[in-house]
file final-v9.cif (mmCIF, C-alpha atoms)
data_input
loop_
_atom_site.label_atom_id
_atom_site.label_comp_id
_atom_site.auth_asym_id
_atom_site.auth_seq_id
_atom_site.Cartn_x
_atom_site.Cartn_y
_atom_site.Cartn_z
CA MET T 1 0.00 0.00 0.00
CA VAL T 2 1.36 3.42 -0.99
CA ALA T 3 1.30 6.05 1.76
CA VAL T 4 1.50 9.75 0.92
CA SER T 5 1.26 12.63 3.40
CA LEU T 6 -1.05 15.62 2.80
CA ASN T 7 2.03 17.83 2.33
CA GLY T 8 3.25 15.32 -0.25
CA TRP T 9 0.01 15.61 -2.23
CA ILE T 10 0.12 19.42 -2.03
CA LEU T 11 3.75 19.51 -3.18
CA ALA T 12 2.92 17.15 -6.05
CA ALA T 13 0.03 19.43 -7.12
CA HIS T 14 2.34 22.47 -6.81
CA LEU T 15 4.89 20.72 -9.04
CA PHE T 16 2.20 19.79 -11.60
CA GLY T 17 1.25 23.47 -11.72
CA ALA T 18 4.90 24.49 -12.17
CA PHE T 19 5.39 21.91 -14.95
CA ALA T 20 2.25 23.11 -16.75
CA LEU T 21 3.35 26.75 -16.43
CA VAL T 22 6.90 26.13 -17.68
CA GLY T 23 5.57 23.66 -20.27
CA GLY T 24 3.33 26.41 -21.67
CA LEU T 25 6.24 28.86 -21.71
CA THR T 26 8.39 26.25 -23.47
CA ALA T 27 5.69 25.99 -26.16
CA PHE T 28 5.73 29.81 -26.48
CA VAL T 29 9.52 29.93 -26.90
CA ILE T 30 9.53 27.06 -29.44
CA ALA T 31 6.73 28.81 -31.37
CA THR T 32 8.73 32.07 -31.35
CA VAL T 33 11.69 30.29 -32.96
CA ALA T 34 9.45 28.47 -35.48
CA ALA T 35 7.55 31.65 -36.38
CA ARG T 36 10.75 33.27 -37.68
CA ARG T 37 10.71 30.84 -40.62
CA ILE T 38 7.07 31.08 -41.73
CA ALA T 39 4.92 33.66 -43.52
CA ASP T 40 2.24 31.42 -45.01
CA PRO T 41 -1.30 31.94 -43.56
CA GLN T 42 -2.08 28.21 -43.31
CA GLN T 43 1.19 27.48 -41.54
CA ALA T 44 0.49 30.38 -39.16
CA LEU T 45 -2.94 28.90 -38.43
CA ALA T 46 -1.35 25.50 -37.69
CA LEU T 47 1.13 27.26 -35.39
CA GLY T 48 -1.79 29.02 -33.66
CA ARG T 49 -3.44 25.65 -32.94
CA ILE T 50 -0.17 24.28 -31.51
CA VAL T 51 0.39 27.34 -29.30
CA GLY T 52 -3.29 27.23 -28.18
CA ALA T 53 -2.59 24.06 -26.18
CA GLY T 54 0.43 25.77 -24.59
CA THR T 55 -1.77 28.72 -23.62
CA VAL T 56 -4.19 26.42 -21.79
CA ALA T 57 -1.29 24.77 -19.92
CA PHE T 58 0.26 28.16 -19.11
CA ARG T 59 -2.96 29.63 -17.67
CA ALA T 60 -3.91 26.49 -15.70
CA GLY T 61 -0.35 26.17 -14.35
CA LEU T 62 -0.28 29.82 -13.33
CA VAL T 63 -3.29 29.30 -11.03
CA VAL T 64 -2.44 25.82 -9.72
CA VAL T 65 1.19 26.64 -8.86
CA VAL T 66 0.31 29.65 -6.71
CA VAL T 67 -2.74 28.12 -4.95
CA PHE T 68 -0.90 24.98 -3.83
CA GLY T 69 2.33 26.92 -3.23
CA ILE T 70 0.66 29.29 -0.78
CA TRP T 71 -1.12 26.35 0.90
CA LEU T 72 2.31 24.73 1.40
CA VAL T 73 3.76 27.92 2.89
CA PHE T 74 1.09 27.80 5.61
CA ARG T 75 1.66 24.09 6.30
CA VAL T 76 5.47 23.84 6.34
CA LYS T 77 7.21 24.87 9.58
CA GLY T 78 9.81 27.58 9.17
CA TYR T 79 8.19 29.27 6.18
CA ALA T 80 6.02 32.38 6.20
CA ILE T 81 4.30 34.30 3.44
CA SER T 82 6.40 37.33 4.48
CA ASN T 83 9.75 35.55 3.82
CA GLY T 84 11.76 37.59 1.31
CA TRP T 85 12.25 34.75 -1.18
CA ILE T 86 8.54 33.92 -1.15
CA VAL T 87 7.53 37.58 -1.62
CA ALA T 88 10.05 37.83 -4.48
CA ALA T 89 8.65 34.65 -6.05
CA LEU T 90 5.09 36.02 -5.83
CA VAL T 91 6.15 39.32 -7.47
CA LEU T 92 7.90 37.35 -10.24
CA TRP T 93 4.77 35.17 -10.58
CA LEU T 94 2.81 38.36 -11.32
CA VAL T 95 5.44 39.36 -13.89
CA VAL T 96 5.26 35.92 -15.56
CA GLY T 97 1.45 36.13 -15.63
CA ALA T 98 1.37 39.66 -17.04
CA LEU T 99 4.04 39.11 -19.73
CA GLY T 100 2.77 35.65 -20.68
CA ASP T 101 -0.84 36.77 -20.93
CA ARG T 102 0.09 39.84 -22.99
CA SER T 103 2.09 37.60 -25.35
CA VAL T 104 -1.04 35.47 -25.84
CA VAL T 105 -3.00 38.59 -26.89
CA VAL T 106 -0.26 39.68 -29.34
CA SER T 107 0.08 36.14 -30.72
CA LYS T 108 -3.69 35.88 -31.27
CA ARG T 109 -3.58 39.04 -33.40
CA ALA T 110 -1.15 37.29 -35.76
CA THR T 111 -3.41 34.23 -35.86
CA GLU T 112 -6.42 36.45 -36.64
CA LEU T 113 -4.50 38.11 -39.48
CA ALA T 114 -3.62 34.64 -40.82
CA ARG T 115 -7.30 33.64 -40.63
CA THR T 116 -8.35 36.78 -42.54
CA LEU T 117 -5.73 36.18 -45.24
CA ASP T 118 -6.67 32.50 -45.50
CA SER T 119 -10.42 33.16 -45.75
CA SER T 120 -9.80 35.78 -48.46
CA GLY T 121 -8.15 33.05 -50.52
CA ARG T 122 -4.67 34.44 -50.13
CA GLU T 123 -1.97 31.83 -50.80
CA GLY T 124 1.77 32.05 -50.29
CA PRO T 125 3.83 34.31 -48.00
CA SER T 126 2.52 37.63 -46.67
CA ASP T 127 4.77 40.47 -45.51
CA ASP T 128 2.14 41.70 -43.02
CA LEU T 129 1.88 38.24 -41.51
CA ARG T 130 5.65 37.89 -41.42
CA ARG T 131 5.87 41.17 -39.48
CA ALA T 132 3.10 40.10 -37.08
CA LEU T 133 4.72 36.73 -36.36
CA ARG T 134 8.25 38.13 -35.93
CA GLY T 135 7.28 41.25 -34.02
CA ARG T 136 9.81 42.44 -31.48
CA SER T 137 7.12 42.83 -28.79
CA LEU T 138 6.13 39.15 -28.99
CA LEU T 139 9.76 38.09 -28.70
CA VAL T 140 10.39 40.41 -25.73
CA LEU T 141 7.19 39.33 -23.94
CA ARG T 142 7.84 35.60 -24.34
CA ILE T 143 11.54 35.73 -23.46
CA GLY T 144 10.76 38.05 -20.51
CA ALA T 145 8.13 35.65 -19.15
CA ALA T 146 10.50 32.69 -19.56
CA LEU T 147 13.34 34.51 -17.76
CA ALA T 148 11.03 35.52 -14.88
CA ALA T 149 9.91 31.87 -14.54
CA LEU T 150 13.56 30.81 -14.51
CA ALA T 151 14.21 33.30 -11.71
CA ILE T 152 11.31 31.78 -9.72
CA LEU T 153 12.86 28.33 -10.12
CA VAL T 154 16.19 29.71 -8.83
CA LEU T 155 14.36 31.11 -5.77
CA MET T 156 12.49 27.82 -5.19
CA VAL T 157 15.70 25.78 -5.24
CA TRP T 158 18.17 28.09 -3.44
CA LYS T 159 15.62 29.78 -1.11
CA PRO T 160 17.90 32.73 -0.24
CA GLY T 161 17.45 33.80 3.38
CA ALA T 162 15.46 30.68 4.39
CA MET N 163 4.83 28.62 -4.47
CA SER N 164 7.04 27.10 -1.87
CA VAL N 165 9.33 24.16 -1.37
CA LEU N 166 10.98 21.64 -3.60
CA ALA N 167 12.53 20.09 -0.49
CA THR N 168 12.37 21.49 3.00
CA ILE N 169 15.83 20.80 4.44
CA ARG N 170 18.69 20.33 2.01
CA PRO N 171 22.46 20.95 2.03
CA GLY N 172 23.51 23.82 -0.22
CA ALA N 173 25.68 21.53 -2.37
CA TRP N 174 22.54 19.81 -3.68
CA ASP N 175 20.99 23.01 -5.04
CA LEU N 176 22.73 23.23 -8.43
CA PRO N 177 22.18 19.55 -9.37
CA LEU N 178 18.53 19.84 -8.29
CA PHE N 179 18.12 23.01 -10.39
CA VAL N 180 19.62 21.32 -13.46
CA HIS N 181 17.42 18.23 -12.96
CA VAL N 182 14.16 20.14 -12.44
CA LEU N 183 14.79 22.63 -15.27
CA GLY N 184 15.63 19.81 -17.68
CA ALA N 185 12.51 17.90 -16.63
CA MET N 186 10.23 20.94 -17.03
CA VAL N 187 11.54 21.78 -20.51
CA LEU N 188 11.39 18.08 -21.46
CA VAL N 189 7.70 17.83 -20.55
CA GLY N 190 6.88 21.14 -22.27
CA ALA N 191 8.80 20.31 -25.45
CA ALA N 192 7.44 16.75 -25.68
CA ALA N 193 3.86 18.00 -25.15
CA THR N 194 4.36 20.73 -27.80
CA GLY N 195 5.70 18.17 -30.27
CA VAL N 196 2.83 15.77 -29.57
CA ARG N 197 0.31 18.58 -30.11
CA ALA N 198 2.01 19.54 -33.41
CA ALA N 199 1.95 15.91 -34.54
CA PHE N 200 -1.81 15.75 -33.98
CA VAL N 201 -2.28 19.05 -35.87
CA SER N 202 -0.26 17.61 -38.80
CA GLY N 203 -1.83 16.09 -41.91
CA PRO N 204 -1.30 15.50 -45.63
CA ALA N 205 -1.84 19.14 -46.74
CA PRO N 206 1.30 21.36 -47.15
CA ALA N 207 0.53 23.51 -44.09
CA THR N 208 -0.19 20.54 -41.86
CA GLY N 209 2.83 18.77 -43.35
CA TRP N 210 4.78 21.69 -41.96
CA ALA N 211 3.37 20.78 -38.53
CA ALA N 212 4.84 17.26 -38.89
CA ARG N 213 8.29 18.77 -39.49
CA PHE N 214 7.71 21.11 -36.54
CA ALA N 215 6.91 18.07 -34.36
CA TYR N 216 10.02 16.19 -35.50
CA ARG N 217 12.31 19.18 -34.92
CA THR N 218 10.75 19.86 -31.51
CA PHE N 219 11.32 16.25 -30.40
CA LEU N 220 14.88 16.22 -31.74
CA LEU N 221 16.15 19.73 -30.94
CA ALA N 222 14.22 20.55 -27.74
CA ALA N 223 12.91 17.39 -26.02
CA LEU N 224 15.99 15.19 -26.53
CA PRO N 225 18.54 17.76 -25.23
CA ALA N 226 16.19 18.49 -22.29
CA PHE N 227 16.03 14.75 -21.54
CA VAL N 228 19.85 14.61 -21.44
CA VAL N 229 19.98 17.64 -19.08
CA MET N 230 17.27 16.08 -16.84
CA ARG N 231 19.09 12.71 -16.78
CA VAL N 232 22.52 14.26 -16.03
CA GLY N 233 20.93 16.33 -13.24
CA ALA N 234 19.25 13.19 -11.85
CA GLU N 235 22.53 11.29 -11.69
CA TRP N 236 24.30 14.29 -10.18
CA ILE N 237 21.75 14.83 -7.38
CA ARG N 238 21.50 11.08 -6.72
CA SER N 239 25.30 10.82 -6.27
CA LYS N 240 25.15 13.61 -3.69
CA GLU N 241 21.96 12.60 -1.88
CA PHE N 242 22.08 8.78 -1.96
CA GLY N 243 25.67 8.06 -3.09
CA GLY N 244 26.50 4.47 -2.11
CA GLY N 245 23.24 3.99 -0.21
CA VAL N 246 19.89 2.40 -0.99
CA ASP N 247 17.61 4.42 -3.29
CA PRO N 248 14.18 5.30 -1.85
CA HIS N 249 10.98 4.38 -3.73
CA PHE N 250 10.54 7.75 -5.44
CA VAL N 251 14.04 7.55 -6.93
CA ILE N 252 13.38 4.02 -8.23
CA VAL N 253 10.08 5.20 -9.78
CA GLY N 254 11.85 8.23 -11.29
CA TYR N 255 14.65 6.16 -12.85
CA THR N 256 12.30 3.48 -14.18
CA VAL N 257 9.77 5.73 -15.91
CA GLY N 258 12.42 8.31 -16.80
CA ASP N 259 14.63 5.83 -18.66
CA LEU N 260 11.75 3.94 -20.28
CA GLY N 261 10.41 7.32 -21.39
CA GLY N 262 13.84 8.13 -22.85
CA LEU N 263 13.71 4.97 -24.98
CA LEU N 264 10.19 5.84 -26.15
CA LEU N 265 11.35 9.38 -26.97
CA VAL N 266 14.17 8.06 -29.18
CA ALA N 267 11.75 5.60 -30.84
CA GLY N 268 9.28 8.45 -31.43
CA ILE N 269 12.00 10.66 -32.95
CA VAL N 270 13.01 7.88 -35.37
CA LEU N 271 9.35 7.33 -36.32
CA SER N 272 8.69 11.04 -36.87
CA TRP N 273 11.89 11.31 -38.95
CA PHE N 274 10.64 8.49 -41.18
CA ALA N 275 7.21 10.13 -41.31
CA VAL N 276 8.67 13.44 -42.52
CA ARG N 277 11.13 11.82 -44.93
CA ARG N 278 8.56 9.49 -46.52
CA GLN N 279 5.64 11.96 -46.10
CA ARG N 280 3.47 9.59 -44.08
CA PRO N 281 1.16 11.66 -41.84
CA ARG N 282 -0.16 8.61 -39.97
CA LEU N 283 3.36 7.68 -38.85
CA THR N 284 3.73 11.16 -37.30
CA LYS N 285 0.64 10.43 -35.21
CA VAL N 286 2.05 7.02 -34.19
CA ALA N 287 5.22 8.84 -33.04
CA ALA N 288 3.02 11.24 -31.07
CA VAL N 289 1.26 8.35 -29.32
CA VAL N 290 4.61 6.72 -28.45
CA ILE N 291 5.97 9.97 -27.01
CA GLY N 292 2.59 10.65 -25.38
CA VAL N 293 2.99 7.39 -23.41
CA ALA N 294 6.44 8.58 -22.29
CA LEU N 295 4.88 11.90 -21.27
CA VAL N 296 2.35 10.15 -19.03
CA GLY N 297 5.20 8.20 -17.42
CA TRP N 298 7.19 11.39 -16.80
CA LEU N 299 4.13 12.95 -15.13
CA VAL N 300 3.97 9.89 -12.84
CA ALA N 301 7.64 10.60 -12.03
CA VAL N 302 6.78 14.24 -11.23
CA TRP N 303 4.09 12.99 -8.84
CA ALA N 304 6.58 10.58 -7.22
CA MET N 305 9.22 13.34 -6.79
CA GLY N 306 6.69 15.59 -5.08
CA ALA N 307 4.52 13.16 -3.12
CA LYS N 308 7.45 10.87 -2.21
CA PRO N 309 5.30 7.75 -1.57
CA SER N 310 6.63 5.33 1.06
#
call {"tool": "encode", "arguments": {"input": "final-v9.cif", "output": "C-alpha cells"}}
result
Amino acid sequence: MVAVSLNGWILAAHLFGAFALVGGLTAFVIATVAARRIADPQQALALGRIVGAGTVAFRAGLVVVVVFGIWLVFRVKGYAISNGWIVAALVLWLVVGALGDRSVVVSKRATELARTLDSSGREGPSDDLRRALRGRSLLVLRIGAALAALAILVLMVWKPGA
Amino acid sequence: MSVLATIRPGAWDLPLFVHVLGAMVLVGAAATGVRAAFVSGPAPATGWAARFAYRTFLLAALPAFVVMRVGAEWIRSKEFGGGVDPHFVIVGYTVGDLGGLLLVAGIVLSWFAVRRQRPRLTKVAAVVIGVALVGWLVAVWAMGAKPS
C-alpha cells in the first residue's frame, strides 16, 4: 500500500502546476523560434493551434502553482508568506502572468491576421503576416516571461534567506 | 509557491536546479511536439506541422532529456551516493529511462514520417511519445509526493 502525506500531495500538485506553467512557456519559446521561418497563412494557423494548447497549460499552471504553493507555505514549519524569497517569487509570478498573458494577446492578433488572409483566398507568403509573427514585442514578452519563470525556479531551489 | 525540499544541504541546489529545469523543458517540449503531430496532416501547411513536431522532439525534447538525466545522476550521487535508493528515486529512474527509450523511438518514427511523407506515422510517433509523457508525469508525482 502506498502512503502519501497531505504535504506530499500538495507539493505534487504544486509541481504539476509548475510543470504546466513552464511547459506552456516552453511551447511559447519554441513557437517564437518556429515563427521566424514562416509567412504562409495556413502554416500560421497550424502554429496558432499548436500554441493554443500551450496557452491552456500556461494559464492552468499559473493558477495551480500559486494556490498549492501558498497552501504549502502555511503548512510547512519555518516558512512564512512574508519571507523575502517567497515575496520575491510572488512578485515574479505576477510578472510571468502579465508578460505571458500579454504575449497570448499579441500572438492571437497574428493568428487572426492569418485567418483573414486565408479566408480571403490568399496563398503564399505575406509580408504583413511575417511582421506580425516576428514582431519584437512578442519576442520580448515571451523571453521576458520565460526569464522571470527561470528566476522563480532559482528562488524555489536556493531559497535565499530561508 | 514554496518548497521543492524542505531541508537540504547547499551543495545539492545546483544539481537539483539542473534536474528540475531539464525535466520541465522536457515535458513542455514533448507535449508541444505531440500537439504539433496531432495538428499535422497530408496538406502542405499541416505537413509543416509534422516537421515542426520532428524538430521539436529532436532539438528541444531530446537535449532536455539529457539535461534532466545528467541532473538526476548528479543529485542522486550527492543525496544517496553508495546507499539504498528510496521508492521515489526508483520510480523516477524506471519511468524516466523507459520514457527516454520511447522518446528516441518516437524521434526515429517522426523522422521516417517526414522523410517518406506519411502523416499517420507522425501520429504514431506522437502516441509513443505521449505514453512517455504520461510516465514522466507519474515521475513528477513521485518526486513531489514521495510515496513510502
call {"tool": "closest_residue", "arguments": {"input": "final-v9.cif", "among": "T:Gly61, T:Gly54, T:Pro41, T:Gly69", "to": "chain N", "atoms": "all atoms listed in the file"}}
result
T:Gly69
call {"tool": "resolve_selection", "arguments": {"input": "final-v9.cif", "expression": "the PyMOL selection byres ((chain N and resi 177) around 9)", "output": "list in words"}}
result
Ala173, Trp174, Asp175, Leu176, Leu178, Phe179, Val180, His181, Val182, Val232, Gly233, Ala234, Glu235, Trp236, Ile237, Arg238 and Lys240 of chain N
call {"tool": "resolve_selection", "arguments": {"input": "final-v9.cif", "expression": "the PyMOL selection byres ((chain T and resi 87) around 12)", "output": "ChimeraX atom specification"}}
result
/T:66,69-70,73,79-86,88-94,152,155-156,159-161 /N:163-164
call {"tool": "write_last_selection", "arguments": {"input": "final-v9.cif", "atoms": "C-alpha atoms", "output": "tab-separated table (two decimals), keeping the file's coordinate frame"}}
result
chain	number	residue	atom	x	y	z
T	66	VAL	CA	0.31	29.65	-6.71
T	69	GLY	CA	2.33	26.92	-3.23
T	70	ILE	CA	0.66	29.29	-0.78
T	73	VAL	CA	3.76	27.92	2.89
T	79	TYR	CA	8.19	29.27	6.18
T	80	ALA	CA	6.02	32.38	6.20
T	81	ILE	CA	4.30	34.30	3.44
T	82	SER	CA	6.40	37.33	4.48
T	83	ASN	CA	9.75	35.55	3.82
T	84	GLY	CA	11.76	37.59	1.31
T	85	TRP	CA	12.25	34.75	-1.18
T	86	ILE	CA	8.54	33.92	-1.15
T	88	ALA	CA	10.05	37.83	-4.48
T	89	ALA	CA	8.65	34.65	-6.05
T	90	LEU	CA	5.09	36.02	-5.83
T	91	VAL	CA	6.15	39.32	-7.47
T	92	LEU	CA	7.90	37.35	-10.24
T	93	TRP	CA	4.77	35.17	-10.58
T	94	LEU	CA	2.81	38.36	-11.32
T	152	ILE	CA	11.31	31.78	-9.72
T	155	LEU	CA	14.36	31.11	-5.77
T	156	MET	CA	12.49	27.82	-5.19
T	159	LYS	CA	15.62	29.78	-1.11
T	160	PRO	CA	17.90	32.73	-0.24
T	161	GLY	CA	17.45	33.80	3.38
N	163	MET	CA	4.83	28.62	-4.47
N	164	SER	CA	7.04	27.10	-1.87
call {"tool": "resolve_selection", "arguments": {"input": "final-v9.cif", "expression": "the PyMOL selection byres ((chain N and resi 214-229) around 9)", "output": "number ranges by chain"}}
result
T: 30, 34; N: 180-181, 183-192, 194-199, 202, 209-213, 230-234, 258, 262, 265-266, 268-273, 275-276, 284, 288, 291
call {"tool": "closest_residue", "arguments": {"input": "final-v9.cif", "among": "N:Val289, N:Ala294, N:Leu264, N:Ala307", "to": "Ala3 of chain T", "atoms": "only C-alpha atoms"}}
result
N:Ala307
call {"tool": "interface_residues", "arguments": {"input": "final-v9.cif", "of": "chain T", "to": "chain N", "cutoff": "6 Å", "atoms": "only C-alpha atoms", "output": "list in words"}}
result
Val2, Ala3, Val4, Gly8, Trp9, Leu11, Ala12, Phe19, Gly23, Thr26, Ala27, Gln42, Gln43, Ile50, Val66, Gly69, Ile70, Val73 and Val157 of chain T
call {"tool": "atom_distance", "arguments": {"input": "final-v9.cif", "atom1": "atom CA of Gly97 of chain T", "atom2": "atom CA of Gly144 of chain T"}}
result
10.7 Å
call {"tool": "closest_residue", "arguments": {"input": "final-v9.cif", "among": "T:Ala46, T:Leu6, T:Ala149, T:Gly121", "to": "Val76 of chain T", "atoms": "only C-alpha atoms"}}
result
T:Leu6
call {"tool": "atom_distance", "arguments": {"input": "final-v9.cif", "atom1": "atom CA of Val251 of chain N", "atom2": "atom CA of Leu15 of chain T"}}
result
16.2 Å
call {"tool": "decode", "arguments": {"input": "final-v9.cif", "residues": "segment 248-273 of chain N", "atoms": "N, CA and C atoms", "output": "CSV table (one decimal), in the first residue's frame"}}
result
chain,number,residue,atom,x,y,z
N,248,PRO,N,15.6,5.4,-2.3
N,248,PRO,CA,14.2,5.3,-1.9
N,248,PRO,C,13.2,5.0,-3.0
N,249,HIS,N,12.0,4.7,-2.7
N,249,HIS,CA,11.0,4.4,-3.7
N,249,HIS,C,10.9,5.4,-4.8
N,250,PHE,N,10.8,6.7,-4.4
N,250,PHE,CA,10.5,7.7,-5.4
N,250,PHE,C,11.7,7.8,-6.5
N,251,VAL,N,12.9,7.5,-6.0
N,251,VAL,CA,14.0,7.5,-6.9
N,251,VAL,C,13.9,6.4,-7.9
N,252,ILE,N,13.5,5.2,-7.4
N,252,ILE,CA,13.4,4.0,-8.2
N,252,ILE,C,12.3,4.3,-9.3
N,253,VAL,N,11.2,4.9,-8.8
N,253,VAL,CA,10.1,5.2,-9.8
N,253,VAL,C,10.6,6.2,-10.8
N,254,GLY,N,11.3,7.2,-10.4
N,254,GLY,CA,11.9,8.2,-11.3
N,254,GLY,C,12.8,7.6,-12.3
N,255,TYR,N,13.7,6.8,-11.9
N,255,TYR,CA,14.6,6.2,-12.8
N,255,TYR,C,13.9,5.2,-13.8
N,256,THR,N,13.0,4.4,-13.3
N,256,THR,CA,12.3,3.5,-14.2
N,256,THR,C,11.5,4.2,-15.3
N,257,VAL,N,10.6,5.1,-14.9
N,257,VAL,CA,9.8,5.7,-15.9
N,257,VAL,C,10.6,6.7,-16.7
N,258,GLY,N,11.6,7.3,-16.1
N,258,GLY,CA,12.4,8.3,-16.8
N,258,GLY,C,13.2,7.6,-17.9
N,259,ASP,N,13.8,6.5,-17.6
N,259,ASP,CA,14.6,5.8,-18.7
N,259,ASP,C,13.8,5.1,-19.7
N,260,LEU,N,12.7,4.5,-19.3
N,260,LEU,CA,11.7,3.9,-20.3
N,260,LEU,C,11.2,5.0,-21.2
N,261,GLY,N,10.9,6.2,-20.6
N,261,GLY,CA,10.4,7.3,-21.4
N,261,GLY,C,11.5,7.8,-22.4
N,262,GLY,N,12.7,7.7,-22.0
N,262,GLY,CA,13.8,8.1,-22.9
N,262,GLY,C,13.9,7.2,-24.1
N,263,LEU,N,13.7,5.9,-23.9
N,263,LEU,CA,13.7,5.0,-25.0
N,263,LEU,C,12.5,5.3,-25.9
N,264,LEU,N,11.4,5.5,-25.3
N,264,LEU,CA,10.2,5.8,-26.2
N,264,LEU,C,10.4,7.1,-26.9
N,265,LEU,N,11.1,8.1,-26.3
N,265,LEU,CA,11.4,9.4,-27.0
N,265,LEU,C,12.2,9.1,-28.2
N,266,VAL,N,13.3,8.3,-28.0
N,266,VAL,CA,14.2,8.1,-29.2
N,266,VAL,C,13.4,7.3,-30.3
N,267,ALA,N,12.6,6.3,-29.9
N,267,ALA,CA,11.8,5.6,-30.8
N,267,ALA,C,10.8,6.6,-31.6
N,268,GLY,N,10.2,7.5,-30.8
N,268,GLY,CA,9.3,8.5,-31.4
N,268,GLY,C,10.0,9.4,-32.4
N,269,ILE,N,11.2,9.8,-32.1
N,269,ILE,CA,12.0,10.7,-32.9
N,269,ILE,C,12.3,9.9,-34.3
N,270,VAL,N,12.7,8.7,-34.2
N,270,VAL,CA,13.0,7.9,-35.4
N,270,VAL,C,11.7,7.7,-36.2
N,271,LEU,N,10.6,7.5,-35.6
N,271,LEU,CA,9.3,7.3,-36.3
N,271,LEU,C,9.0,8.6,-37.0
N,272,SER,N,9.1,9.8,-36.3
N,272,SER,CA,8.7,11.0,-36.9
N,272,SER,C,9.7,11.5,-38.0
N,273,TRP,N,10.9,11.0,-37.9
N,273,TRP,CA,11.9,11.3,-38.9
N,273,TRP,C,11.5,10.6,-40.2
